[in-house]
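Written below as structure tokens is the structure these notes are about.
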Amino acid sequence: MDFHLQFPITPSVEKMNYSQSSLFIGSCFAENIGDTMQQFKFKTIVNPHGILYNPLSIAVALRRYMKSDFVTESELFFANDCWNSWEHHSRFSNPDQQNCLLEINKNISDAHVSLKNAEWLFITFGSAFVYRKNNKLVSNCHKQPQKEFLKQLLNPSEIIDAYTSLMMELKKFNPKLKIVFTISPVRYVRDGVVENNLSKARLIDAVHQLKNDAAFYFPAYELVIDDLRDYRFYKEDMVHPNEQAVKYVFDKFRNSFFDESTDSLFERINEILLAKKHKPFNADSTSHKKFKNNFLQRIQSIQTQHPFLDLRAEQTYFS
């Protein structure tokens, strides 16, 4: 007996491989999948602005990357004993203004290079709610009083209009770029349960109208909400998918986007990463030395076949 609703996911016509690079941007769920890609040695950059939730803020960030449009001192503000950017996540906040700018602009510079060379751009929308302060879009409120901000729920048409032009700019900037849209399964209950569902519906409506030959949709939202559909797949806050749920979605993602050779290499790297976690009873034993030498040879074989992979940490560990 099957105790959950599984639904078929059409495999992507376009396939990923380890020689390609990618950029993940958007909500914290983009970080879950992007971090897994990095863990398994894909050339991936994740959220150069930090976590972003709404489509318009993501568009602002992507335009900065394309133009190498650096943030200036006048765009920062001081609060909570730190310098902050309204466009960036609080992980960039810093007591020193120059250090704040340095970290922000280094990420913009790195993202410009990554986006110019990437084959894949993964965009995860989290919420259709946007905030504005003095008519300016705000990506992160940095725990400032809510009365200072105007909150607005975007219409699908506003998202579609914004991304129709953005996708044309991205295609001109990097003609080989393929875009994959996802909707975050994280529930933003602070907006209200009913309001969260309305927000997600507008995001889903918009991305399905944005799909084309170079822009795809992956149903991460549906996999958690309709397939897993159980609070045991959530963290204690009951809104964020747990590690088991993230792995389930990633496995579906892998089945959809990896070609056969990529999947085979993924498994070889997985074996090495699992072996690295092995805790020997006796690190000086002959058997453990053989174990380490075996995996060192595997790493060297992979590096010979795929010299662009970075396995230096694993090679050092098993040496």
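As shown in the structure tokens, the chain order sets the letters A, B, ...; within each chain, residues go from 1, and ligands are also counted from 1 in the order they appear.
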Note to self: Run DSSP on the backbone and tell me which residues of region 109-285 of chain A come out as alpha helix (DSSP H); list them as a VMD selection string.
What the structure shows: chain A and resid 109 to 117 156 to 173 193 to 210 220 to 222 243 to 257 260 to 276
Contact residues around Ala214 (chain A) with only C-alpha atoms at 9 Å, ignoring same-chain residues under 3 positions, as a tab-separated table (two decimals) with N, CA and C atoms, in the first residue's frame:
```
chain	number	residue	atom	x	y	z
A	14	GLU	N	16.63	19.41	-21.28
A	14	GLU	CA	18.01	19.87	-21.12
A	14	GLU	C	18.61	19.22	-19.88
A	176	LYS	N	23.69	31.36	-23.68
A	176	LYS	CA	23.57	29.92	-23.42
A	176	LYS	C	22.83	29.62	-22.11
A	177	LEU	N	22.42	30.67	-21.40
A	177	LEU	CA	21.81	30.49	-20.08
A	177	LEU	C	20.41	29.87	-20.16
A	178	LYS	N	20.19	28.87	-19.33
A	178	LYS	CA	18.86	28.25	-19.17
A	178	LYS	C	18.36	28.57	-17.76
A	179	ILE	N	17.08	28.89	-17.66
A	179	ILE	CA	16.49	29.31	-16.38
A	179	ILE	C	15.53	28.24	-15.89
A	180	VAL	N	15.62	27.93	-14.59
A	180	VAL	CA	14.67	27.01	-13.97
A	180	VAL	C	14.01	27.74	-12.80
A	211	LYS	N	7.23	30.29	-18.63
A	211	LYS	CA	7.96	29.17	-19.22
A	211	LYS	C	8.09	29.32	-20.73
```
Margin query: Can you tell me, as a ChimeraX atom specification, which residues in region 29-195 of chain A count as strand (DSSP E or B) by DSSP?
Written below: /A:43-46,76-79,82-85,94,120-125,129-133,136-138,150-153,178-183
Notebook entry, point to check: Out of A:Val249, A:Met238, A:Ile9, A:Leu62, which residue has the shortest atom-to-atom distance to Leu170 (chain A) when counting only C-alpha atoms?
Noted result: A:Leu62
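Near region 101-111 of chain A, within 7 Å and counting only C-alpha atoms, sit Pro48, Tyr65, Ser68, Phe70, Val71, Phe92, Gln97 and Leu115 of chain A; same-chain residues fewer than 4 positions away were not included.
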Next, dump the selected residues to file, keeping only N, CA and C atoms, as a PDB file, in the first residue's frame.
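Writing done, so here's part-v5.pdb:
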```
ATOM      1  N   PRO A  48      24.242  35.213  -3.906  1.00  0.00           N
ATOM      2  CA  PRO A  48      25.266  36.243  -3.679  1.00  0.00           C
ATOM      3  C   PRO A  48      24.748  37.457  -2.905  1.00  0.00           C
ATOM      4  N   TYR A  65      24.179  42.051 -10.940  1.00  0.00           N
ATOM      5  CA  TYR A  65      25.226  41.126 -11.380  1.00  0.00           C
ATOM      6  C   TYR A  65      25.573  41.357 -12.843  1.00  0.00           C
ATOM      7  N   SER A  68      27.529  44.607 -13.079  1.00  0.00           N
ATOM      8  CA  SER A  68      28.578  44.847 -12.071  1.00  0.00           C
ATOM      9  C   SER A  68      28.310  46.173 -11.363  1.00  0.00           C
ATOM     10  N   PHE A  70      27.991  48.086  -8.394  1.00  0.00           N
ATOM     11  CA  PHE A  70      28.392  47.958  -7.001  1.00  0.00           C
ATOM     12  C   PHE A  70      27.590  48.885  -6.087  1.00  0.00           C
ATOM     13  N   VAL A  71      27.411  48.447  -4.858  1.00  0.00           N
ATOM     14  CA  VAL A  71      26.714  49.231  -3.835  1.00  0.00           C
ATOM     15  C   VAL A  71      27.657  50.317  -3.320  1.00  0.00           C
ATOM     16  N   PHE A  92      25.237  40.087   5.627  1.00  0.00           N
ATOM     17  CA  PHE A  92      26.209  41.066   5.147  1.00  0.00           C
ATOM     18  C   PHE A  92      26.373  42.239   6.111  1.00  0.00           C
ATOM     19  N   GLN A  97      31.639  49.916   8.180  1.00  0.00           N
ATOM     20  CA  GLN A  97      30.998  50.231   6.906  1.00  0.00           C
ATOM     21  C   GLN A  97      31.795  49.717   5.713  1.00  0.00           C
ATOM     22  N   LEU A 115      27.487  34.445 -13.500  1.00  0.00           N
ATOM     23  CA  LEU A 115      26.295  34.547 -14.345  1.00  0.00           C
ATOM     24  C   LEU A 115      26.675  34.641 -15.821  1.00  0.00           C
TER      25      LEU A 115
END
```
Item checked: Exercise: Gln244 (chain A) partners within 12 Å, only C-alpha atoms, chain neighbours under 2 positions left out, as an NGL selection string -> :A and (32 or 224 or 228 or 230-235 or 240-242 or 246-251)
Generate the output file for the selected residues, N, CA and C atoms, as a compact mmCIF listing (two decimals), in the first residue's frame.
```txt
# COMPACT_ATOMS: atom_id res chain seq x y z
N ASN A 32 19.07 25.41 0.16
CA ASN A 32 19.07 23.97 0.46
C ASN A 32 19.55 23.17 -0.73
N VAL A 224 6.73 18.83 -1.88
CA VAL A 224 6.63 18.91 -0.42
C VAL A 224 5.16 19.02 0.02
N LEU A 228 4.87 14.71 -0.22
CA LEU A 228 5.21 14.36 1.16
C LEU A 228 4.06 14.66 2.12
N ASP A 230 3.18 15.94 4.98
CA ASP A 230 3.10 15.45 6.34
C ASP A 230 4.07 16.27 7.19
N TYR A 231 3.64 16.63 8.41
CA TYR A 231 4.48 17.47 9.27
C TYR A 231 5.74 16.77 9.75
N ARG A 232 5.85 15.47 9.59
CA ARG A 232 7.10 14.79 9.96
C ARG A 232 8.22 15.15 9.01
N PHE A 233 7.90 15.78 7.88
CA PHE A 233 8.92 16.21 6.93
C PHE A 233 9.26 17.70 7.11
N TYR A 234 8.88 18.25 8.26
CA TYR A 234 9.18 19.65 8.55
C TYR A 234 10.04 19.75 9.80
N LYS A 235 10.74 20.86 9.91
CA LYS A 235 11.50 21.14 11.13
C LYS A 235 10.53 21.49 12.26
N HIS A 240 9.50 25.03 7.78
CA HIS A 240 10.65 24.74 6.92
C HIS A 240 10.79 23.24 6.70
N PRO A 241 10.92 22.77 5.47
CA PRO A 241 11.16 21.35 5.22
C PRO A 241 12.44 20.88 5.92
N ASN A 242 12.42 19.67 6.47
CA ASN A 242 13.60 19.16 7.17
C ASN A 242 14.58 18.51 6.18
N VAL A 246 14.30 17.77 2.10
CA VAL A 246 15.21 18.38 1.14
C VAL A 246 15.89 17.30 0.30
N LYS A 247 16.30 16.22 0.94
CA LYS A 247 16.94 15.12 0.21
C LYS A 247 15.97 14.50 -0.79
N TYR A 248 14.71 14.35 -0.40
CA TYR A 248 13.70 13.77 -1.28
C TYR A 248 13.53 14.63 -2.53
N VAL A 249 13.43 15.95 -2.31
CA VAL A 249 13.26 16.86 -3.44
C VAL A 249 14.51 16.85 -4.31
N PHE A 250 15.68 16.83 -3.67
CA PHE A 250 16.91 16.81 -4.46
C PHE A 250 17.02 15.55 -5.30
N ASP A 251 16.61 14.42 -4.76
CA ASP A 251 16.63 13.18 -5.54
C ASP A 251 15.74 13.28 -6.77
```
Next item on the list: Would you mind listing what lies within 9 Å of region 15-25 of chain A as a ChimeraX atom specification, with only C-alpha atoms counted and same-chain residues fewer than 3 positions away left out?
Entry: /A:11-12,28,30-31,33-34,41-52,58,62,111,114-115,117-125,256-259,261-263,265-266,306,308-309
Using only C-alpha atoms, determine which residues lie at most 10 Å from region 72-85 of chain A, disregarding the query and same-chain residues fewer than 4 positions distant; provide the list as a short mmCIF file (atom, residue, chain, number, x, y, z; two decimals) with N, CA and C atoms, in the first residue's frame.
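Result file result_3.cif:
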```
data_model
loop_
_atom_site.label_atom_id
_atom_site.label_comp_id
_atom_site.auth_asym_id
_atom_site.auth_seq_id
_atom_site.Cartn_x
_atom_site.Cartn_y
_atom_site.Cartn_z
N HIS A 49 23.44 37.65 -2.84
CA HIS A 49 22.83 38.72 -2.04
C HIS A 49 22.36 38.20 -0.67
N HIS A 89 20.61 40.44 2.57
CA HIS A 89 20.33 39.71 3.80
C HIS A 89 21.24 40.22 4.93
N SER A 90 20.80 40.00 6.15
CA SER A 90 21.54 40.51 7.32
C SER A 90 22.90 39.85 7.51
N ARG A 91 23.18 38.76 6.79
CA ARG A 91 24.51 38.15 6.93
C ARG A 91 25.61 39.07 6.38
N PHE A 92 25.24 40.09 5.63
CA PHE A 92 26.21 41.07 5.15
C PHE A 92 26.37 42.24 6.11
N SER A 93 25.50 42.35 7.10
CA SER A 93 25.56 43.46 8.04
C SER A 93 26.87 43.41 8.83
N ASN A 94 27.46 44.58 9.06
CA ASN A 94 28.77 44.63 9.68
C ASN A 94 28.94 45.93 10.45
N PRO A 95 29.57 45.89 11.62
CA PRO A 95 29.80 47.13 12.37
C PRO A 95 30.69 48.12 11.63
N ASP A 96 31.52 47.60 10.72
CA ASP A 96 32.42 48.45 9.95
C ASP A 96 31.84 48.67 8.55
N GLN A 97 31.64 49.92 8.18
CA GLN A 97 31.00 50.23 6.91
C GLN A 97 31.79 49.72 5.71
N GLN A 98 33.11 49.89 5.74
CA GLN A 98 33.93 49.47 4.61
C GLN A 98 33.96 47.95 4.46
N ASN A 99 33.99 47.25 5.58
CA ASN A 99 33.95 45.78 5.51
C ASN A 99 32.61 45.29 4.96
N CYS A 100 31.55 46.00 5.34
CA CYS A 100 30.21 45.68 4.81
C CYS A 100 30.20 45.83 3.29
N LEU A 101 30.69 46.96 2.81
CA LEU A 101 30.73 47.22 1.37
C LEU A 101 31.64 46.24 0.65
N ILE A 104 29.85 42.84 0.29
CA ILE A 104 28.74 42.96 -0.65
C ILE A 104 29.25 43.03 -2.09
N ASN A 105 30.22 43.89 -2.33
CA ASN A 105 30.69 44.12 -3.70
C ASN A 105 31.56 42.99 -4.23
N VAL A 138 12.36 47.13 -0.79
CA VAL A 138 13.20 46.66 0.31
C VAL A 138 13.20 45.13 0.29
N SER A 139 14.39 44.53 0.25
CA SER A 139 14.49 43.07 0.22
C SER A 139 14.50 42.46 1.62
N ASN A 140 15.01 43.23 2.59
CA ASN A 140 15.09 42.75 3.97
C ASN A 140 14.85 43.93 4.90
N CYS A 141 13.94 43.76 5.83
CA CYS A 141 13.57 44.88 6.71
C CYS A 141 14.51 45.04 7.89
N HIS A 142 15.42 44.09 8.09
CA HIS A 142 16.44 44.17 9.14
C HIS A 142 15.85 44.52 10.52
N LYS A 143 14.71 43.94 10.81
CA LYS A 143 14.06 44.07 12.13
C LYS A 143 13.72 45.51 12.48
N GLN A 144 13.52 46.33 11.47
CA GLN A 144 13.07 47.70 11.71
C GLN A 144 11.54 47.70 11.90
#
```
Next item on the list: Find the residues near Glu271 (chain A): any atom within 12 Å, counting only C-alpha atoms, skip ones fewer than 6 places away on the same chain, and give them as a PyMOL selection string.
Entry: chain A and resi 40+264-265+277-278+294-296+298-299+314
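Counting only C-alpha atoms and comparing A:Gln300, A:Gln146, A:Asn54, A:Ser319, the residue that lies closest to Ser199 (chain A) is A:Asn54.
Nearest residue to Leu153 (chain A) among A:Lys289, A:Arg64, A:Lys279, A:Arg132 is A:Arg132, counting only C-alpha atoms.
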